[in-house]
file run_29.cif (mmCIF, C-alpha atoms and all ligand atoms)
data_upload
loop_
_atom_site.label_atom_id
_atom_site.label_comp_id
_atom_site.auth_asym_id
_atom_site.auth_seq_id
_atom_site.Cartn_x
_atom_site.Cartn_y
_atom_site.Cartn_z
CA MET A 1 94.23 -46.70 69.16
CA PHE A 2 97.59 -47.20 67.47
CA LEU A 3 96.25 -50.18 65.51
CA PHE A 4 93.20 -48.18 64.45
CA ILE A 5 95.37 -45.37 63.07
CA TRP A 6 97.84 -47.83 61.54
CA LYS A 7 95.09 -49.66 59.65
CA LYS A 8 93.46 -46.43 58.53
CA LEU A 9 96.62 -44.78 57.22
CA GLY A 10 98.62 -47.77 56.05
CA TYR A 11 101.86 -45.83 55.77
CA ILE A 12 104.20 -43.98 58.09
CA ARG A 13 105.84 -40.68 57.32
CA ILE A 14 109.02 -40.30 59.33
CA MET A 15 109.91 -36.70 60.14
CA ASN A 16 113.49 -35.78 61.14
CA ASN A 17 116.53 -37.36 59.53
CA ARG A 18 114.50 -38.47 56.49
CA THR A 19 112.81 -35.33 55.37
CA ASP A 20 113.90 -35.51 51.74
CA PHE A 21 110.67 -36.91 50.42
CA CYS A 22 107.57 -35.10 49.32
CA ASP A 23 103.80 -35.61 49.24
CA ASN A 24 104.22 -37.24 45.84
CA CYS A 25 106.65 -39.81 47.29
CA VAL A 26 104.23 -40.56 50.16
CA LEU A 27 101.26 -40.94 47.80
CA LEU A 28 103.13 -43.18 45.36
CA ARG A 29 104.43 -45.34 48.21
CA ALA A 30 100.97 -45.61 49.77
CA THR A 31 99.40 -46.69 46.50
CA ALA A 32 102.33 -49.04 45.78
CA ASN A 33 102.87 -47.36 42.42
CA PHE A 34 106.54 -48.29 42.35
CA PRO A 35 107.32 -47.65 38.66
CA LEU A 36 106.13 -44.04 39.00
CA LEU A 37 107.86 -43.70 42.39
CA PHE A 38 111.19 -44.79 40.92
CA MET A 39 110.75 -42.41 37.99
CA HIS A 40 110.00 -39.57 40.41
CA LEU A 41 112.95 -40.41 42.69
CA ASN A 42 115.26 -40.78 39.70
CA GLN A 43 114.27 -37.35 38.42
CA ALA A 44 114.85 -35.83 41.89
CA LYS A 45 118.26 -37.53 42.07
CA LYS A 46 119.19 -36.47 38.54
CA GLN A 47 118.36 -32.83 39.28
CA ARG A 48 120.23 -32.93 42.60
CA ASP A 49 123.26 -34.51 40.92
CA TYR A 50 123.13 -31.79 38.25
CA ILE A 51 123.10 -29.04 40.90
CA ASN A 52 125.96 -30.74 42.76
CA GLN A 53 127.89 -31.01 39.51
CA LYS A 54 127.41 -27.25 39.00
CA ARG A 55 128.55 -26.70 42.58
CA ARG A 56 131.74 -28.69 41.97
CA ALA A 57 132.35 -26.73 38.75
CA VAL A 58 131.98 -23.49 40.73
CA VAL A 59 134.53 -24.68 43.28
CA GLN A 60 136.81 -25.50 40.35
CA THR A 61 136.56 -21.90 39.07
CA PHE A 62 138.02 -20.83 42.43
CA ALA A 63 140.96 -23.14 41.89
CA ASP A 64 141.41 -22.07 38.25
CA PHE A 65 141.13 -18.29 38.60
CA ASP A 66 142.75 -15.94 41.09
CA ASN A 67 140.58 -13.25 39.62
CA PRO A 68 137.14 -13.26 41.34
CA VAL A 69 135.55 -11.76 38.20
CA LYS A 70 136.21 -15.04 36.35
CA GLN A 71 134.99 -17.20 39.22
CA THR A 72 131.33 -18.22 39.29
CA CYS A 73 129.21 -17.04 42.20
CA LEU A 74 126.74 -19.71 43.39
CA ILE A 75 123.99 -18.55 45.72
CA SER A 76 121.25 -20.58 47.40
CA CYS A 77 118.27 -18.59 48.57
CA ASP A 78 115.42 -19.55 50.88
CA LEU A 79 112.83 -18.00 53.14
CA SER A 80 112.80 -19.47 56.62
CA GLU A 81 109.85 -19.97 58.89
CA LYS A 82 109.11 -16.78 60.70
CA LYS A 83 110.20 -16.32 64.31
CA ARG A 84 107.77 -14.93 66.85
CA ILE A 85 109.17 -13.21 69.88
CA PRO A 86 109.44 -13.44 72.80
CA ILE A 87 111.01 -16.89 72.57
CA PHE A 88 111.75 -18.61 75.88
CA SER A 89 113.35 -22.01 76.24
CA ASP A 90 110.48 -23.03 78.58
CA GLN A 91 107.44 -21.30 77.16
CA PRO A 92 104.36 -21.87 79.32
CA ALA A 93 101.73 -20.08 77.21
CA GLN A 94 101.25 -21.33 73.65
CA TYR A 95 99.15 -18.23 72.91
CA TYR A 96 102.21 -16.03 72.81
CA TYR A 97 103.86 -18.30 70.28
CA MET A 98 100.90 -17.74 67.99
CA SER A 99 100.67 -13.97 68.13
CA GLY A 100 104.13 -12.75 69.15
CA PHE A 101 105.94 -10.00 67.25
CA THR A 102 106.96 -11.54 63.94
CA ILE A 103 110.38 -11.54 62.30
CA ASP A 104 110.71 -13.06 58.83
CA ILE A 105 114.12 -14.40 57.82
CA CYS A 106 115.52 -14.87 54.32
CA GLY A 107 118.84 -16.67 53.90
CA MET A 108 121.26 -15.99 51.02
CA LEU A 109 124.00 -18.60 51.12
CA HIS A 110 127.26 -18.04 49.21
CA GLU A 111 128.05 -21.68 48.55
CA THR A 112 131.80 -21.42 48.13
CA SER A 113 132.60 -19.51 51.31
CA HIS A 114 129.59 -21.15 53.08
CA GLN A 115 128.70 -17.70 54.42
CA GLN A 116 124.97 -17.15 54.83
CA SER A 117 123.57 -13.63 55.03
CA ASN A 118 120.32 -13.82 56.99
CA TYR A 119 118.06 -10.88 56.23
CA LEU A 120 115.83 -10.13 59.24
CA PHE A 121 112.50 -8.39 58.63
CA PRO A 122 110.67 -7.34 61.80
CA GLU A 123 106.94 -6.68 61.46
CA GLY A 124 106.12 -3.04 60.72
CA HIS A 125 109.57 -2.34 59.23
CA TRP A 126 108.97 -3.66 55.70
CA PRO A 127 106.04 -3.68 53.23
CA GLN A 128 105.06 -7.20 54.36
CA GLU A 129 104.36 -8.43 50.88
CA LYS A 130 106.06 -11.69 50.22
CA GLY A 131 106.68 -12.44 46.60
CA ILE A 132 108.60 -10.40 44.11
CA SER A 133 108.73 -7.17 46.13
CA LEU A 134 110.49 -9.03 48.97
CA ILE A 135 112.61 -11.50 47.00
CA GLY A 136 113.50 -9.01 44.27
CA SER A 137 114.54 -6.35 46.79
CA ILE A 138 116.69 -8.79 48.79
CA TRP A 139 118.37 -10.10 45.62
CA PHE A 140 118.94 -6.59 44.38
CA HIS A 141 120.60 -5.68 47.69
CA TYR A 142 122.69 -8.87 47.69
CA PHE A 143 123.80 -8.55 44.04
CA ARG A 144 124.94 -4.99 44.62
CA HIS A 145 126.63 -5.44 48.02
CA HIS A 146 127.98 -8.96 48.37
CA PRO A 147 131.67 -8.67 47.41
CA HIS A 148 131.64 -11.76 45.20
CA ALA A 149 128.15 -11.36 43.67
CA LYS A 150 129.08 -7.78 42.80
CA VAL A 151 132.15 -8.66 40.73
CA SER A 152 131.40 -12.10 39.23
CA GLU A 153 130.55 -12.33 35.57
CA ARG A 154 128.64 -15.58 36.06
CA MET A 155 126.06 -16.29 38.73
CA ILE A 156 124.09 -19.41 39.58
CA ILE A 157 121.06 -19.08 41.86
CA VAL A 158 119.39 -22.11 43.45
CA THR A 159 115.95 -21.66 44.99
CA ASP A 160 113.01 -23.84 45.90
CA ASN A 161 109.97 -24.11 43.65
CA CYS A 162 107.66 -21.78 45.57
CA ALA A 163 105.55 -20.19 42.81
CA GLY A 164 104.65 -17.15 44.91
CA GLN A 165 108.23 -16.23 45.71
CA ASN A 166 110.75 -17.70 43.31
CA LYS A 167 109.10 -19.14 40.25
CA ASN A 168 106.91 -16.58 38.59
CA ARG A 169 106.90 -14.22 35.65
CA TRP A 170 108.17 -11.28 37.70
CA LEU A 171 111.28 -13.05 38.90
CA VAL A 172 112.02 -14.15 35.34
CA TRP A 173 111.54 -10.54 34.18
CA LEU A 174 113.65 -9.25 37.09
CA LEU A 175 116.62 -11.41 36.14
CA ALA A 176 116.14 -10.60 32.43
CA SER A 177 116.21 -6.88 33.27
CA TRP A 178 119.14 -7.31 35.67
CA ILE A 179 121.25 -8.85 32.91
CA ILE A 180 120.52 -5.80 30.75
CA VAL A 181 121.38 -3.20 33.39
CA ALA A 182 123.94 -4.94 35.64
CA GLN A 183 126.99 -3.58 33.87
CA HIS A 184 125.46 -0.11 33.91
CA SER A 185 124.90 -0.37 37.67
CA GLY A 186 128.40 -1.19 38.85
CA ASN A 187 128.20 -5.00 38.51
CA ASN A 188 130.01 -7.37 36.17
CA THR A 189 127.21 -9.91 35.69
CA THR A 190 126.84 -11.13 32.12
CA GLU A 191 125.25 -14.53 32.69
CA ILE A 192 122.78 -15.90 35.23
CA THR A 193 121.59 -19.49 35.64
CA GLN A 194 118.63 -20.19 37.86
CA LEU A 195 118.10 -23.78 39.08
CA PHE A 196 115.09 -25.31 40.81
CA PRO A 197 115.33 -28.74 42.42
CA ILE A 198 112.14 -30.83 42.10
CA VAL A 199 109.29 -29.81 44.45
CA GLY A 200 109.57 -31.45 47.87
CA HIS A 201 113.24 -32.39 47.35
CA THR A 202 114.77 -29.05 48.07
CA LYS A 203 116.73 -29.67 51.26
CA PHE A 204 119.72 -27.45 50.67
CA GLY A 205 122.32 -25.21 52.27
CA PRO A 206 120.13 -22.45 53.79
CA ASP A 207 118.13 -25.07 55.74
CA ARG A 208 121.29 -26.19 57.58
CA ASN A 209 121.95 -22.63 58.72
CA PHE A 210 118.30 -22.04 59.67
CA ALA A 211 118.54 -25.18 61.83
CA LEU A 212 121.55 -23.66 63.61
CA ILE A 213 119.56 -20.47 64.26
CA SER A 214 116.56 -22.45 65.54
CA SER A 215 118.68 -24.53 67.88
CA ALA A 216 120.42 -21.39 69.20
CA THR A 217 117.04 -19.76 69.96
CA LYS A 218 116.17 -22.80 72.10
CA LYS A 219 119.13 -22.14 74.37
CA GLU A 220 118.43 -18.55 75.32
CA ALA A 221 115.56 -16.12 75.60
CA ILE A 222 114.99 -13.80 72.63
CA CYS A 223 112.72 -10.85 73.42
CA THR A 224 113.61 -8.17 70.84
CA PRO A 225 114.65 -8.05 67.15
CA SER A 226 118.04 -6.70 68.27
CA GLN A 227 118.62 -9.76 70.43
CA LEU A 228 117.83 -12.04 67.47
CA TYR A 229 120.20 -9.98 65.29
CA ASP A 230 122.93 -10.35 67.92
CA LEU A 231 122.29 -14.08 68.29
CA VAL A 232 122.48 -14.75 64.51
CA ASN A 233 125.69 -12.71 64.26
CA SER A 234 127.55 -14.21 67.16
CA ARG A 235 126.14 -17.54 68.36
CA CYS A 236 124.85 -19.45 65.30
CA GLY A 237 128.12 -20.81 63.97
CA LYS A 238 130.86 -18.97 62.12
CA HIS A 239 129.01 -19.07 58.78
CA ASN A 240 125.88 -17.15 59.77
CA SER A 241 125.57 -13.39 59.79
CA ALA A 242 122.57 -11.08 60.11
CA VAL A 243 121.54 -8.25 57.78
CA CYS A 244 119.16 -5.62 59.10
CA SER A 245 115.98 -4.93 57.13
CA SER A 246 116.68 -1.19 57.21
CA LEU A 247 119.53 -1.75 54.72
CA VAL A 248 117.17 -3.16 52.10
CA ILE A 249 115.23 -0.77 49.89
CA PHE A 250 111.91 -2.25 48.84
CA TYR A 251 110.65 -1.68 45.32
CA ASP A 252 107.37 -2.42 43.61
CA TRP A 253 109.01 -4.66 41.05
CA LYS A 254 105.72 -5.68 39.45
CA CYS A 255 104.97 -2.10 38.37
CA PHE A 256 108.56 -1.47 37.30
CA LEU A 257 108.84 -4.64 35.20
CA GLU A 258 105.38 -4.51 33.62
CA GLN A 259 106.54 -1.41 31.75
CA PHE A 260 108.95 -3.50 29.68
CA PHE A 261 107.92 -7.15 29.69
CA ASP A 262 104.69 -8.93 28.81
CA LYS A 263 105.68 -12.42 27.60
CA THR A 264 105.68 -15.35 30.02
CA VAL A 265 107.25 -18.80 30.12
CA PRO A 266 104.63 -21.42 29.15
CA GLY A 267 104.54 -24.28 31.71
CA ILE A 268 106.85 -22.34 34.05
CA LYS A 269 106.04 -24.66 36.97
CA SER A 270 107.58 -27.68 35.25
CA MET A 271 110.82 -25.89 34.30
CA HIS A 272 114.06 -26.84 36.02
CA GLU A 273 116.64 -24.45 34.58
CA PHE A 274 116.52 -20.83 33.38
CA GLN A 275 119.42 -19.04 31.69
CA TYR A 276 119.91 -15.35 30.99
CA SER A 277 122.80 -13.82 29.10
CA ILE A 278 123.86 -10.36 27.96
CA ASP A 279 124.38 -11.91 24.49
CA HIS A 280 120.60 -12.43 24.31
CA PRO A 281 119.09 -9.46 26.16
CA GLY A 282 115.38 -9.72 26.95
CA ALA A 283 115.35 -13.51 26.40
CA VAL A 284 115.36 -16.49 28.74
CA PHE A 285 116.42 -20.03 27.84
CA VAL A 286 114.47 -22.69 29.73
CA ARG A 287 114.42 -26.45 29.95
CA VAL A 288 112.42 -29.01 31.92
CA ASP A 289 115.31 -31.25 32.82
CA SER A 290 119.08 -31.18 33.02
CA ASP A 291 119.42 -33.20 29.80
CA SER A 292 116.57 -31.80 27.71
CA PRO A 293 117.10 -29.10 25.05
CA PHE A 294 116.84 -25.39 25.88
CA LYS A 295 113.96 -23.34 24.48
CA ARG A 296 114.34 -19.62 23.88
CA ILE A 297 111.55 -17.27 24.99
CA ASP A 298 111.64 -13.54 24.23
CA LEU A 299 110.08 -11.65 27.10
CA MET A 300 110.06 -7.98 26.12
CA ALA A 301 106.86 -6.22 25.08
CA ALA A 302 106.52 -5.04 21.46
CA GLY A 303 108.44 -1.84 20.81
CA VAL A 304 110.59 -2.09 23.98
CA THR A 305 114.34 -2.05 23.48
CA VAL A 306 117.31 -2.60 25.76
CA GLU A 307 117.80 1.17 25.91
CA HIS A 308 114.26 1.64 27.30
CA ILE A 309 115.14 -0.58 30.27
CA ARG A 310 118.50 1.04 30.84
CA ASN A 311 117.20 4.51 30.37
CA PRO A 312 113.39 4.70 30.57
CA ASP A 313 112.89 8.32 31.66
CA GLY A 314 116.09 9.86 30.47
CA VAL A 315 117.67 8.87 33.79
CA LYS A 316 121.00 7.31 33.12
CA TYR A 317 121.34 4.25 35.33
CA PHE A 318 119.11 1.53 36.67
CA PRO A 319 119.19 2.25 40.43
CA LEU A 320 117.95 5.76 39.78
CA THR A 321 115.18 4.69 37.44
CA VAL A 322 113.63 2.34 40.01
CA ASP A 323 113.64 4.96 42.77
CA LYS A 324 110.11 6.10 42.05
CA PHE A 325 108.91 2.52 42.67
CA LYS A 326 110.09 2.49 46.31
CA MET A 327 107.62 0.87 48.72
CA PRO A 328 107.17 2.20 52.26
CA PRO A 329 106.97 -0.15 55.28
CA LYS A 330 103.48 -1.34 56.19
CA PRO A 331 102.63 -0.01 59.66
CA ILE A 332 101.14 -2.30 62.29
CA ASP A 333 97.34 -1.85 62.35
CA ASP A 334 95.26 -1.22 65.49
CA ALA A 335 93.93 -4.78 65.89
CA ARG A 336 97.44 -6.23 65.64
CA GLN A 337 98.82 -3.59 68.00
CA LYS A 338 96.20 -4.64 70.57
CA GLN A 339 97.56 -8.21 70.46
CA LEU A 340 101.12 -6.96 70.85
CA ASP A 341 100.08 -4.64 73.71
CA MET A 342 98.66 -7.65 75.54
CA ILE A 343 102.01 -9.42 75.24
CA LEU A 344 103.85 -6.29 76.41
CA LYS A 345 101.47 -6.01 79.37
CA HIS A 346 101.80 -9.71 80.22
CA TYR A 347 105.59 -9.70 80.30
CA GLY A 348 106.08 -6.15 81.51
CA THR A 349 109.69 -5.03 81.69
CA LEU A 350 110.89 -8.61 81.16
CA ILE A 351 110.86 -8.10 77.36
CA GLY A 352 111.84 -4.42 77.43
CA THR A 353 110.01 -1.35 76.24
CA LYS A 354 107.57 -1.20 73.33
CA GLU A 355 110.27 0.52 71.23
CA GLU A 356 112.71 -2.32 71.92
CA TYR A 357 110.13 -5.09 71.42
CA GLN A 358 108.81 -3.64 68.16
CA GLY A 359 112.00 -1.95 67.10
CA PRO A 360 114.26 -2.52 64.10
CA CYS A 361 116.95 -5.17 64.29
CA THR A 362 120.09 -3.14 64.84
CA LEU A 363 122.17 -3.06 68.00
ZN ZN B 1 109.18 -36.82 46.15
#

call {"tool": "encode", "arguments": {"input": "run_29.cif", "output": "structure tokens", "more": "lines below"}}
Ligand SMILES: [Zn+2]
result
Amino acid sequence: MFLFIWKKLGYIRIMNNRTDFCDNCVLLRATANFPLLFMHLNQAKKQRDYINQKRRAVVQTFADFDNPVKQTCLISCDLSEKKRIPIFSDQPAQYYYMSGFTIDICGMLHETSHQQSNYLFPEGHWPQEKGISLIGSIWFHYFRHHPHAKVSERMIIVTDNCAGQNKNRWLVWLLASWIIVAQHSGNNTTEITQLFPIVGHTKFGPDRNFALISSATKKEAICTPSQLYDLVNSRCGKHNSAVCSSLVIFYDWKCFLEQFFDKTVPGIKSMHEFQYSIDHPGAVFVRVDSDSPFKRIDLMAAGVTVEHIRNPDGVKYFPLTVDKFKMPPKPIDDARQKQLDMILKHYGTLIGTKEEYQGPCTL
């Protein structure tokens, strides 16, 4: 059987310890297309080196400036795999893994202090729309509350290439609008750089912390969102902390941003670096590689000015103007509730009451 599979596949993909290679790498290896493989690996290495060089420069700003405003804030952001509870170390019934109460996790890692804020989103307590409404709302919360992100003039954000979440017109518009309004919303941000490592080669900081969370959940039973919140805060290493979903206000960013922007970045998928600056409001500078030239793209719709974004309805500041775009949580529907009721019935008091099992993630 082994020989049959071996002959049919012709290549082995090793999981664990060597996960930094993508489908492209596998395909190029399998077809022995070594010139293209080396080009691909070189590009991945070049982009990783560039990000590491930025990281070192950020660390240097901490050495050079006592003033946190002058230091650069580098954040890595990633969505983790969702957790389904209850989680037991010896789980006999696979079924419950598949349909358990779901908690999505998004990690925002402050690279200099190594502190990761893990946002926990239990089912039924958020709009359950991944994409800009989730990512934009988390970023907005983080920018306005993280002590360093709040005061820094310069920010660098590293994310993976997921088009649905991180690399789309709305996120580009969100950062372009944030640059325009940040200083009118209590922040100091004047410049943002967004970096994307090459697809499939995005092993980075948040993954390390997610691994710590996963390994901690294997050691003890987790039956409620509050227990997961407690575990992340106290038993997943000193660098992990949990943020409850109820602190995040969700906005319909698409509707908000479409009022002001209508230009997109051509070939956005192939871009590696995006820069926004208060000196060029409404514009983004993009490039495909760390050594290629930047191209300027103006994003604002005809007739829209900076003042429209800062003050669209005569309301003075940005947080107030987005209030009417708030999104309510999506309630759990009847069919889904039936599945959850079965789990509650199966485990009885072992996982607590319905309110605890399907509750928010505070203690
Ligand atoms: Zn690859």

call {"tool": "closest_atom_pairs", "arguments": {"input": "run_29.cif", "of": "chain A", "to": "ligand ZN 1 (chain B)", "cutoff": "12 Å", "atoms": "all atoms listed in the file", "output": "JSON lines"}}
result
{"residue": "A:Arg18", "atom": "CA", "partner": "B:ZN1", "partner_atom": "ZN", "distance": 11.7}
{"residue": "A:Thr19", "atom": "CA", "partner": "B:ZN1", "partner_atom": "ZN", "distance": 10.0}
{"residue": "A:Asp20", "atom": "CA", "partner": "B:ZN1", "partner_atom": "ZN", "distance": 7.4}
{"residue": "A:Phe21", "atom": "CA", "partner": "B:ZN1", "partner_atom": "ZN", "distance": 4.5}
{"residue": "A:Cys22", "atom": "CA", "partner": "B:ZN1", "partner_atom": "ZN", "distance": 3.9}
{"residue": "A:Asp23", "atom": "CA", "partner": "B:ZN1", "partner_atom": "ZN", "distance": 6.3}
{"residue": "A:Asn24", "atom": "CA", "partner": "B:ZN1", "partner_atom": "ZN", "distance": 5.0}
{"residue": "A:Cys25", "atom": "CA", "partner": "B:ZN1", "partner_atom": "ZN", "distance": 4.1}
{"residue": "A:Val26", "atom": "CA", "partner": "B:ZN1", "partner_atom": "ZN", "distance": 7.4}
{"residue": "A:Leu27", "atom": "CA", "partner": "B:ZN1", "partner_atom": "ZN", "distance": 9.1}
{"residue": "A:Leu28", "atom": "CA", "partner": "B:ZN1", "partner_atom": "ZN", "distance": 8.8}
{"residue": "A:Arg29", "atom": "CA", "partner": "B:ZN1", "partner_atom": "ZN", "distance": 10.0}
{"residue": "A:Leu36", "atom": "CA", "partner": "B:ZN1", "partner_atom": "ZN", "distance": 10.6}
{"residue": "A:Leu37", "atom": "CA", "partner": "B:ZN1", "partner_atom": "ZN", "distance": 8.0}
{"residue": "A:Phe38", "atom": "CA", "partner": "B:ZN1", "partner_atom": "ZN", "distance": 9.7}
{"residue": "A:Met39", "atom": "CA", "partner": "B:ZN1", "partner_atom": "ZN", "distance": 10.0}
{"residue": "A:His40", "atom": "CA", "partner": "B:ZN1", "partner_atom": "ZN", "distance": 6.4}
{"residue": "A:Leu41", "atom": "CA", "partner": "B:ZN1", "partner_atom": "ZN", "distance": 6.3}
{"residue": "A:Asn42", "atom": "CA", "partner": "B:ZN1", "partner_atom": "ZN", "distance": 9.7}
{"residue": "A:Gln43", "atom": "CA", "partner": "B:ZN1", "partner_atom": "ZN", "distance": 9.3}
{"residue": "A:Ala44", "atom": "CA", "partner": "B:ZN1", "partner_atom": "ZN", "distance": 7.2}
{"residue": "A:Lys45", "atom": "CA", "partner": "B:ZN1", "partner_atom": "ZN", "distance": 10.0}
{"residue": "A:Pro197", "atom": "CA", "partner": "B:ZN1", "partner_atom": "ZN", "distance": 10.8}
{"residue": "A:Ile198", "atom": "CA", "partner": "B:ZN1", "partner_atom": "ZN", "distance": 7.8}
{"residue": "A:Val199", "atom": "CA", "partner": "B:ZN1", "partner_atom": "ZN", "distance": 7.2}
{"residue": "A:Gly200", "atom": "CA", "partner": "B:ZN1", "partner_atom": "ZN", "distance": 5.7}
{"residue": "A:His201", "atom": "CA", "partner": "B:ZN1", "partner_atom": "ZN", "distance": 6.1}
{"residue": "A:Thr202", "atom": "CA", "partner": "B:ZN1", "partner_atom": "ZN", "distance": 9.8}
{"residue": "A:Lys203", "atom": "CA", "partner": "B:ZN1", "partner_atom": "ZN", "distance": 11.6}

call {"tool": "closest_residue", "arguments": {"input": "run_29.cif", "among": "A:Ile297, A:Ile75, A:Asp289, A:Gly282", "to": "Asp49 in chain A", "atoms": "only C-alpha atoms"}}
result
A:Asp289

call {"tool": "atom_distance", "arguments": {"input": "run_29.cif", "atom1": "CA of Val286 in chain A", "atom2": "CA of His148 in chain A"}}
result
25.6 Å

call {"tool": "atom_distance", "arguments": {"input": "run_29.cif", "atom1": "CA of Ala57 in chain A", "atom2": "CA of Asn240 in chain A"}}
result
24.0 Å

call {"tool": "closest_atom_pairs", "arguments": {"input": "run_29.cif", "of": "range 198-263 of chain A", "to": "range 123-128 of chain A", "cutoff": "10 Å", "atoms": "only C-alpha atoms", "output": "CSV"}}
result
residue,atom,partner,partner_atom,distance
A:Pro225,CA,A:Glu123,CA,9.7
A:Ser245,CA,A:His125,CA,7.2
A:Ser246,CA,A:His125,CA,7.5
A:Val248,CA,A:Trp126,CA,9.0
A:Ile249,CA,A:Trp126,CA,9.0
A:Phe250,CA,A:Pro127,CA,7.5
A:Tyr251,CA,A:Pro127,CA,9.4
A:Asp252,CA,A:Pro127,CA,9.8

call {"tool": "residues_around", "arguments": {"input": "run_29.cif", "residues": "Trp170 in chain A", "least_positions_apart": "3", "cutoff": "10 Å", "atoms": "all atoms listed in the file", "output": "NGL selection string"}}
result
:A and (131-133 or 136 or 164-167 or 173-176 or 253-258 or 261-262 or 264)

call {"tool": "write_last_selection", "arguments": {"input": "run_29.cif", "atoms": "C-alpha atoms", "output": "compact mmCIF listing (two decimals), in the frame of the given file"}}
result
# COMPACT_ATOMS: atom_id res chain seq x y z
CA GLY A 131 106.68 -12.44 46.60
CA ILE A 132 108.60 -10.40 44.11
CA SER A 133 108.73 -7.17 46.13
CA GLY A 136 113.50 -9.01 44.27
CA GLY A 164 104.65 -17.15 44.91
CA GLN A 165 108.23 -16.23 45.71
CA ASN A 166 110.75 -17.70 43.31
CA LYS A 167 109.10 -19.14 40.25
CA TRP A 173 111.54 -10.54 34.18
CA LEU A 174 113.65 -9.25 37.09
CA LEU A 175 116.62 -11.41 36.14
CA ALA A 176 116.14 -10.60 32.43
CA TRP A 253 109.01 -4.66 41.05
CA LYS A 254 105.72 -5.68 39.45
CA CYS A 255 104.97 -2.10 38.37
CA PHE A 256 108.56 -1.47 37.30
CA LEU A 257 108.84 -4.64 35.20
CA GLU A 258 105.38 -4.51 33.62
CA PHE A 261 107.92 -7.15 29.69
CA ASP A 262 104.69 -8.93 28.81
CA THR A 264 105.68 -15.35 30.02

call {"tool": "residues_around", "arguments": {"input": "run_29.cif", "residues": "Thr72 in chain A", "least_positions_apart": "2", "cutoff": "12 Å", "atoms": "all atoms listed in the file", "output": "VMD selection string"}}
result
chain A and resid 54 to 70 74 to 75 110 to 112 148 to 157 188 to 193

call {"tool": "write_last_selection", "arguments": {"input": "run_29.cif", "atoms": "C-alpha atoms", "output": "compact mmCIF listing (two decimals), in the coordinates of the input"}}
result
# COMPACT_ATOMS: atom_id res chain seq x y z
CA LYS A 54 127.41 -27.25 39.00
CA ARG A 55 128.55 -26.70 42.58
CA ARG A 56 131.74 -28.69 41.97
CA ALA A 57 132.35 -26.73 38.75
CA VAL A 58 131.98 -23.49 40.73
CA VAL A 59 134.53 -24.68 43.28
CA GLN A 60 136.81 -25.50 40.35
CA THR A 61 136.56 -21.90 39.07
CA PHE A 62 138.02 -20.83 42.43
CA ALA A 63 140.96 -23.14 41.89
CA ASP A 64 141.41 -22.07 38.25
CA PHE A 65 141.13 -18.29 38.60
CA ASP A 66 142.75 -15.94 41.09
CA ASN A 67 140.58 -13.25 39.62
CA PRO A 68 137.14 -13.26 41.34
CA VAL A 69 135.55 -11.76 38.20
CA LYS A 70 136.21 -15.04 36.35
CA LEU A 74 126.74 -19.71 43.39
CA ILE A 75 123.99 -18.55 45.72
CA HIS A 110 127.26 -18.04 49.21
CA GLU A 111 128.05 -21.68 48.55
CA THR A 112 131.80 -21.42 48.13
CA HIS A 148 131.64 -11.76 45.20
CA ALA A 149 128.15 -11.36 43.67
CA LYS A 150 129.08 -7.78 42.80
CA VAL A 151 132.15 -8.66 40.73
CA SER A 152 131.40 -12.10 39.23
CA GLU A 153 130.55 -12.33 35.57
CA ARG A 154 128.64 -15.58 36.06
CA MET A 155 126.06 -16.29 38.73
CA ILE A 156 124.09 -19.41 39.58
CA ILE A 157 121.06 -19.08 41.86
CA ASN A 188 130.01 -7.37 36.17
CA THR A 189 127.21 -9.91 35.69
CA THR A 190 126.84 -11.13 32.12
CA GLU A 191 125.25 -14.53 32.69
CA ILE A 192 122.78 -15.90 35.23
CA THR A 193 121.59 -19.49 35.64

call {"tool": "build_atoms", "arguments": {"input": "run_29.cif", "residues": "range 255-263 of chain A", "atoms": "N, CA and C atoms", "output": "mmCIF file, keeping the file's coordinate frame"}}
result
data_model
loop_
_atom_site.group_PDB
_atom_site.id
_atom_site.type_symbol
_atom_site.label_atom_id
_atom_site.label_comp_id
_atom_site.auth_asym_id
_atom_site.auth_seq_id
_atom_site.Cartn_x
_atom_site.Cartn_y
_atom_site.Cartn_z
ATOM 1 N N CYS A 255 105.258 -3.304 39.159
ATOM 2 C CA CYS A 255 104.970 -2.100 38.370
ATOM 3 C C CYS A 255 106.160 -1.727 37.497
ATOM 4 N N PHE A 256 107.361 -1.835 38.064
ATOM 5 C CA PHE A 256 108.560 -1.470 37.300
ATOM 6 C C PHE A 256 108.696 -2.365 36.059
ATOM 7 N N LEU A 257 108.549 -3.684 36.277
ATOM 8 C CA LEU A 257 108.840 -4.640 35.200
ATOM 9 C C LEU A 257 107.741 -4.696 34.146
ATOM 10 N N GLU A 258 106.495 -4.447 34.587
ATOM 11 C CA GLU A 258 105.380 -4.510 33.620
ATOM 12 C C GLU A 258 105.483 -3.412 32.550
ATOM 13 N N GLN A 259 106.321 -2.431 32.782
ATOM 14 C CA GLN A 259 106.540 -1.410 31.750
ATOM 15 C C GLN A 259 107.255 -1.982 30.515
ATOM 16 N N PHE A 260 108.058 -3.029 30.745
ATOM 17 C CA PHE A 260 108.950 -3.500 29.680
ATOM 18 C C PHE A 260 108.671 -4.917 29.181
ATOM 19 N N PHE A 261 108.079 -5.728 30.053
ATOM 20 C CA PHE A 261 107.920 -7.150 29.690
ATOM 21 C C PHE A 261 106.441 -7.527 29.688
ATOM 22 N N ASP A 262 106.062 -8.402 28.746
ATOM 23 C CA ASP A 262 104.690 -8.930 28.810
ATOM 24 C C ASP A 262 104.600 -10.397 28.385
ATOM 25 N N LYS A 263 105.730 -11.006 28.004
ATOM 26 C CA LYS A 263 105.680 -12.420 27.600
ATOM 27 C C LYS A 263 106.068 -13.301 28.798
#
